[in-house]
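**Student:** For reference, the file input-v7.txt (compact mmCIF, C-alpha atoms) is included below:
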# COMPACT_ATOMS: atom_id res chain seq x y z
CA MET A 1 132.87 89.40 142.42
CA VAL A 2 129.77 87.73 143.86
CA LYS A 3 127.11 87.19 141.22
CA THR A 4 123.77 88.06 142.76
CA ILE A 5 120.32 87.11 141.45
CA LEU A 6 117.47 89.49 142.26
CA VAL A 7 114.00 87.99 142.53
CA THR A 8 111.11 90.40 142.10
CA GLY A 9 107.64 89.53 143.39
CA ALA A 10 109.50 87.56 146.04
CA THR A 11 106.63 87.25 148.52
CA GLY A 12 104.20 85.72 146.02
CA THR A 13 103.70 82.00 145.49
CA VAL A 14 106.12 81.69 142.56
CA GLY A 15 108.64 84.35 143.57
CA ARG A 16 109.02 83.09 147.13
CA ASP A 17 109.67 79.52 145.99
CA VAL A 18 112.09 80.65 143.26
CA THR A 19 114.02 82.56 145.92
CA LYS A 20 114.22 79.55 148.22
CA LEU A 21 115.18 77.10 145.48
CA LEU A 22 117.94 79.38 144.19
CA SER A 23 119.32 79.59 147.72
CA LYS A 24 119.14 75.81 148.05
CA LYS A 25 121.11 75.51 144.80
CA GLY A 26 123.84 77.65 146.35
CA ALA A 27 123.15 80.85 144.42
CA THR A 28 123.56 84.26 146.01
CA VAL A 29 120.00 85.52 145.94
CA ARG A 30 118.34 88.77 146.93
CA ALA A 31 114.58 88.99 147.45
CA GLY A 32 112.95 92.23 146.36
CA VAL A 33 110.16 93.02 148.84
CA ARG A 34 108.03 96.01 149.74
CA ASP A 35 108.39 95.63 153.52
CA GLN A 36 111.47 93.85 154.83
CA SER A 37 110.15 93.43 158.38
CA LYS A 38 107.00 91.67 157.14
CA ALA A 39 108.89 89.56 154.60
CA ARG A 40 111.76 88.45 156.85
CA PRO A 41 109.88 85.55 158.54
CA GLN A 42 109.27 83.98 155.10
CA PHE A 43 112.98 83.50 154.36
CA ASP A 44 116.06 81.98 155.96
CA ASP A 45 118.68 84.40 157.23
CA ASP A 46 121.08 83.57 154.38
CA ILE A 47 118.66 85.16 151.89
CA ALA A 48 119.24 88.88 151.60
CA LEU A 49 116.27 91.23 151.38
CA ALA A 50 116.08 94.51 149.49
CA THR A 51 113.34 97.10 149.62
CA PHE A 52 111.77 97.11 146.18
CA ASP A 53 108.53 98.38 144.65
CA PHE A 54 107.72 98.56 140.94
CA GLU A 55 105.75 101.73 141.65
CA ASN A 56 108.75 103.43 143.27
CA GLU A 57 111.63 103.89 140.82
CA ALA A 58 113.77 105.23 143.65
CA SER A 59 113.89 101.68 145.04
CA PHE A 60 115.40 100.21 141.86
CA ALA A 61 119.04 101.23 142.31
CA GLY A 62 119.45 99.73 145.78
CA ALA A 63 117.78 96.48 144.82
CA LEU A 64 119.85 96.14 141.63
CA GLY A 65 123.28 96.95 143.05
CA GLY A 66 125.72 94.14 142.18
CA VAL A 67 123.01 92.08 140.47
CA THR A 68 123.87 90.13 137.32
CA LYS A 69 120.61 88.22 136.79
CA VAL A 70 116.95 88.98 137.52
CA PHE A 71 113.87 86.85 137.90
CA LEU A 72 111.27 89.28 136.64
CA LEU A 73 107.71 88.76 137.84
CA PRO A 74 105.78 91.80 136.59
CA PRO A 75 103.14 93.46 138.77
CA LEU A 76 99.51 92.84 137.84
CA LEU A 77 98.56 96.49 137.51
CA PRO A 78 96.92 98.51 134.72
CA ASN A 79 100.26 100.23 134.05
CA GLN A 80 102.26 96.98 134.06
CA VAL A 81 103.89 97.77 130.71
CA GLU A 82 105.27 101.14 131.77
CA LEU A 83 106.40 100.00 135.23
CA THR A 84 108.09 96.84 134.00
CA ASN A 85 109.81 98.52 131.07
CA ALA A 86 111.18 101.22 133.37
CA PHE A 87 112.60 98.51 135.61
CA VAL A 88 114.20 96.73 132.64
CA ASP A 89 115.89 100.00 131.65
CA ALA A 90 117.16 100.44 135.21
CA ALA A 91 118.43 96.86 135.26
CA LYS A 92 120.43 97.43 132.08
CA ARG A 93 121.95 100.63 133.50
CA ALA A 94 122.88 98.74 136.68
CA GLY A 95 124.83 96.13 134.73
CA VAL A 96 122.35 93.25 134.78
CA ARG A 97 123.17 90.83 131.99
CA ARG A 98 120.26 88.41 131.97
CA ILE A 99 116.53 88.40 132.71
CA VAL A 100 114.29 85.38 133.20
CA LYS A 101 110.77 86.75 132.89
CA LEU A 102 107.53 85.13 133.98
CA SER A 103 105.01 85.83 131.23
CA ALA A 104 101.77 84.03 130.40
CA ILE A 105 100.61 81.43 127.92
CA GLY A 106 99.34 83.06 124.76
CA GLY A 107 101.94 85.81 124.88
CA ASP A 108 102.78 85.16 121.23
CA GLY A 109 99.81 87.30 120.23
CA GLU A 110 97.85 84.63 118.35
CA ILE A 111 94.98 85.22 120.81
CA GLN A 112 94.37 88.83 121.74
CA PHE A 113 93.71 89.49 125.42
CA THR A 114 94.65 92.32 127.77
CA VAL A 115 97.18 90.60 130.04
CA GLY A 116 98.74 88.85 127.05
CA LYS A 117 99.27 92.17 125.30
CA TRP A 118 100.98 93.55 128.40
CA HIS A 119 103.36 90.61 128.62
CA ALA A 120 104.06 90.74 124.88
CA ALA A 121 104.96 94.44 125.15
CA ASN A 122 107.31 93.72 128.07
CA GLU A 123 108.92 90.83 126.19
CA GLN A 124 109.49 93.03 123.15
CA HIS A 125 111.10 95.73 125.28
CA ILE A 126 113.46 93.17 126.81
CA ARG A 127 114.40 91.89 123.35
CA GLU A 128 115.16 95.44 122.22
CA SER A 129 117.20 96.14 125.37
CA GLY A 130 119.97 93.81 124.25
CA LEU A 131 119.89 91.88 127.53
CA ALA A 132 120.02 88.09 127.44
CA PHE A 133 116.58 86.70 128.24
CA THR A 134 114.45 83.65 128.87
CA PHE A 135 110.66 83.91 128.75
CA LEU A 136 108.48 81.52 130.72
CA ARG A 137 104.85 81.29 129.55
CA PRO A 138 102.89 79.10 131.97
CA ASN A 139 99.31 77.96 131.59
CA SER A 140 96.74 78.46 134.37
CA PHE A 141 98.15 77.38 137.74
CA MET A 142 96.91 74.26 139.52
CA GLN A 143 97.37 76.32 142.69
CA ASN A 144 94.53 78.60 141.53
CA PHE A 145 92.20 75.93 142.92
CA ILE A 146 93.65 76.80 146.33
CA THR A 147 94.00 80.56 145.94
CA TYR A 148 91.85 82.29 143.32
CA PHE A 149 88.92 79.92 142.79
CA PRO A 150 88.99 77.30 145.56
CA PRO A 151 86.01 74.97 146.06
CA ARG A 152 83.36 76.37 148.38
CA ASN A 153 81.47 73.74 150.33
CA GLY A 154 82.60 71.14 147.80
CA VAL A 155 81.65 73.18 144.72
CA ILE A 156 83.94 74.76 142.12
CA TYR A 157 82.27 77.79 140.56
CA LEU A 158 83.72 78.90 137.21
CA PRO A 159 82.34 80.23 133.89
CA TRP A 160 84.27 77.69 131.81
CA GLY A 161 81.50 75.60 130.28
CA ASN A 162 83.15 72.44 128.96
CA GLY A 163 86.46 74.18 128.35
CA THR A 164 89.74 72.49 129.17
CA ALA A 165 93.25 73.63 130.04
CA SER A 166 96.61 71.96 130.61
CA PHE A 167 96.97 73.30 134.16
CA VAL A 168 100.54 73.57 135.43
CA ASP A 169 101.90 73.14 138.95
CA THR A 170 103.73 76.28 140.12
CA ARG A 171 106.42 74.04 141.59
CA ASP A 172 107.35 73.05 138.04
CA ILE A 173 107.46 76.71 137.00
CA VAL A 174 109.79 77.40 139.92
CA ALA A 175 112.06 74.51 138.92
CA VAL A 176 112.30 75.79 135.34
CA ALA A 177 113.00 79.35 136.51
CA ALA A 178 115.76 78.25 138.89
CA GLU A 179 117.36 76.11 136.19
CA ALA A 180 117.23 78.94 133.66
CA LEU A 181 118.87 81.29 136.18
CA THR A 182 121.67 78.94 137.20
CA SER A 183 122.65 77.10 134.02
CA ASP A 184 123.58 77.95 130.45
CA GLY A 185 121.73 77.17 127.25
CA HIS A 186 118.50 79.04 127.99
CA GLU A 187 119.37 82.40 126.46
CA GLU A 188 116.88 83.74 123.92
CA LYS A 189 114.55 80.81 124.66
CA THR A 190 110.81 80.89 125.24
CA TYR A 191 109.25 78.02 127.19
CA THR A 192 105.53 77.31 127.26
CA LEU A 193 104.90 75.52 130.54
CA THR A 194 101.94 73.15 130.87
CA GLY A 195 100.83 70.13 132.82
CA PRO A 196 100.81 66.68 131.21
CA ALA A 197 97.10 66.68 130.28
CA ALA A 198 94.22 68.99 129.43
CA LEU A 199 91.39 68.84 131.96
CA GLY A 200 87.91 70.28 132.20
CA ILE A 201 86.67 71.57 135.53
CA ALA A 202 84.34 68.59 135.93
CA GLU A 203 87.41 66.34 135.60
CA VAL A 204 89.22 68.46 138.18
CA ALA A 205 86.28 68.00 140.55
CA GLN A 206 86.35 64.25 140.00
CA ILE A 207 90.07 64.02 140.77
CA LEU A 208 89.63 66.08 143.93
CA SER A 209 86.74 63.83 144.97
CA GLU A 210 88.88 60.72 144.63
CA VAL A 211 91.90 62.19 146.41
CA ALA A 212 90.10 63.96 149.25
CA ASP A 213 87.52 61.18 149.72
CA ARG A 214 84.64 63.65 149.59
CA GLU A 215 82.40 64.85 146.80
CA PHE A 216 83.31 67.86 144.69
CA LYS A 217 81.10 69.27 141.95
CA TYR A 218 81.52 71.82 139.19
CA VAL A 219 78.96 74.54 138.61
CA ASP A 220 79.24 76.38 135.29
CA VAL A 221 78.52 79.98 136.29
CA PRO A 222 76.96 82.37 133.73
CA GLU A 223 79.54 84.94 132.66
CA ASP A 224 77.51 87.93 133.85
CA ALA A 225 77.08 86.33 137.26
CA ALA A 226 80.82 85.63 137.49
CA ARG A 227 81.67 89.21 136.59
CA ASP A 228 79.12 90.63 139.05
CA GLY A 229 80.42 88.34 141.78
CA MET A 230 83.96 89.63 141.38
CA LEU A 231 82.85 93.24 141.38
CA GLU A 232 80.72 92.70 144.48
CA ALA A 233 83.74 91.11 146.17
CA GLY A 234 85.72 94.29 145.56
CA VAL A 235 87.79 93.20 142.57
CA PRO A 236 88.67 96.34 140.53
CA LYS A 237 86.71 96.58 137.29
CA TRP A 238 89.83 96.44 135.08
CA GLN A 239 90.96 93.27 136.82
CA ALA A 240 87.53 91.65 136.65
CA GLU A 241 87.36 92.33 132.91
CA ALA A 242 90.87 90.93 132.39
CA LEU A 243 89.95 87.77 134.31
CA MET A 244 86.75 87.35 132.35
CA GLU A 245 88.79 87.48 129.14
CA LEU A 246 90.91 84.61 130.44
CA HIS A 247 87.86 82.62 131.46
CA ALA A 248 86.29 83.11 128.02
CA ILE A 249 89.46 81.93 126.30
CA ASN A 250 89.60 78.81 128.46
CA LYS A 251 85.91 78.16 127.78
CA GLN A 252 86.86 77.91 124.11
CA ASN A 253 89.61 75.30 124.72
CA CYS A 254 92.28 77.65 123.43
CA TRP A 255 94.94 76.58 125.90
CA SER A 256 94.52 72.83 126.07
CA ALA A 257 97.74 71.93 124.24
CA VAL A 258 100.45 70.08 126.16
CA THR A 259 104.17 70.81 125.81
CA SER A 260 107.29 68.99 126.99
CA ASP A 261 109.19 72.15 127.94
CA ILE A 262 109.22 71.41 131.68
CA GLU A 263 110.86 68.04 131.15
CA LYS A 264 113.16 69.51 128.51
CA VAL A 265 114.56 72.01 131.02
CA THR A 266 114.42 70.10 134.31
CA GLY A 267 114.77 66.52 133.15
CA LYS A 268 111.60 65.61 135.06
CA PRO A 269 108.07 65.23 133.68
CA ALA A 270 105.45 67.82 134.53
CA THR A 271 103.42 67.17 137.66
CA SER A 272 99.97 65.67 137.06
CA PHE A 273 96.87 67.23 138.58
CA ALA A 274 96.29 64.03 140.54
CA GLN A 275 99.74 64.33 142.12
CA PHE A 276 99.14 68.00 142.89
CA ALA A 277 95.83 67.08 144.54
CA ARG A 278 97.46 64.32 146.60
CA ASP A 279 100.16 66.71 147.77
CA HIS A 280 97.49 69.16 148.96
CA ALA A 281 94.82 66.66 149.99
CA ASP A 282 94.46 68.03 153.51
CA ARG A 283 93.57 71.48 152.18
CA PHE A 284 90.92 70.10 149.87
CA ARG A 285 89.46 67.89 152.59
CA ALA A 286 88.99 71.03 154.68
CA SER A 287 87.61 73.20 151.87
What would you get if you wrote out this structure as structure tokens?

**Tutor:**
Amino acid sequence: MVKTILVTGATGTVGRDVTKLLSKKGATVRAGVRDQSKARPQFDDDIALATFDFENEASFAGALGGVTKVFLLPPLLPNQVELTNAFVDAAKRAGVRRIVKLSAIGGDGEIQFTVGKWHAANEQHIRESGLAFTFLRPNSFMQNFITYFPPRNGVIYLPWGNGTASFVDTRDIVAVAAEALTSDGHEEKTYTLTGPAALGIAEVAQILSEVADREFKYVDVPEDAARDGMLEAGVPKWQAEALMELHAINKQNCWSAVTSDIEKVTGKPATSFAQFARDHADRFRAS
């Protein structure tokens, strides 16, 4: 019997790269996508696609047929807990034996914040399901400086004050996920994934300046202005409030610790921010 791995969130930055790396490793992988025709150009022909939507339980059975392992990337929605738990229940009924779940740093509950509570609730449900599991808790992505808060005209605008974080490269998260899905010894393990150093945003700007050979600056935005800016840009209020919680936590240096979990799993040290910047230098030169 072919052992198939289902990847949810397969068209996002992490999910797409997990799918491709699993295929490269020789695994039989199925990408769960909302629209197969739109997703097909993102993947080689040897990667199977399945119509899948967390908000449509009718799509679960087809996507899960013959699947033994799942890379679970929950949807960022106000009802994440209910949707994800329903999927976990469906996975168990379908015969899935193991789940590798992407969570978030701080999911241990020591710091209370909305998204962390959601991930903690999902983790607890998976524990209670009896399925084998691995939880990945990454810090803030280095790639966020390309996607969610890229420099604008050489300026990084964030309400972080002098806060620092051990930013992690999503490529390292992908490597850990693929290893956890294709090798033994990761059952009932929780990995906190960080970069090799804690950086403030001013330090990030300095690194980008050196790599891109142009000046970058950091502007510490007042929290009310940051919230208003997101709302004016059309970000839903619940999402803006959840993001502001994360910004406030980072402003307080709560997630500046560095772990060795990436190297422990992959055998390679975590990618530095300088290396990340060099690998994406052209994008920052054009920003």

**Student:** Between atom CA of A:Gly9 and atom CA of A:Lys268, what is the distance, to one decimal in Å?

**Tutor:** 25.6 Å

**Student:** Just how far from atom CA of A:Asp108 is atom CA of A:Thr19, in Å to one decimal?

**Tutor:** 27.3 Å

**Student:** Taking all atoms listed in the file into account, name the residue in A:Gln80, A:Ser59, A:Thr182, A:Ser23 that is nearest to A:Ile99.

**Tutor:**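 Once distances to A:Ile99 are computed over all atoms listed in the file, the minimum belongs to A:Thr182.
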
**Student:** I want to know what sits within 9 Å of A:Pro196, based on all atoms listed in the file, with residues of the same chain fewer than 2 positions away left out; could you give that as a PyMOL selection string?

**Tutor:** chain A and resi 166-168+194+198+258-260+269-273

**Student:** Choose the residue, out of A:Thr134, A:Thr11, A:Thr170, A:Ser287, that has the smallest atom-to-atom separation from A:Ile156; count all atoms listed in the file.

**Tutor:** A:Ser287

**Student:** Just the number, please: distance in Å from atom CA of A:Lys24 to atom CA of A:Arg171, one decimal.

**Tutor:**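 Going from atom CA of A:Lys24 over to atom CA of A:Arg171, I get 14.4 Å.
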
**Student:** Which polymer residues have any atom within 12 Å of an atom of A:Glu128, counting all atoms listed in the file, with same-chain residues fewer than 6 positions away left out, as a ChimeraX atom specification?

**Tutor:** /A:85,88-89,92,121-122,188
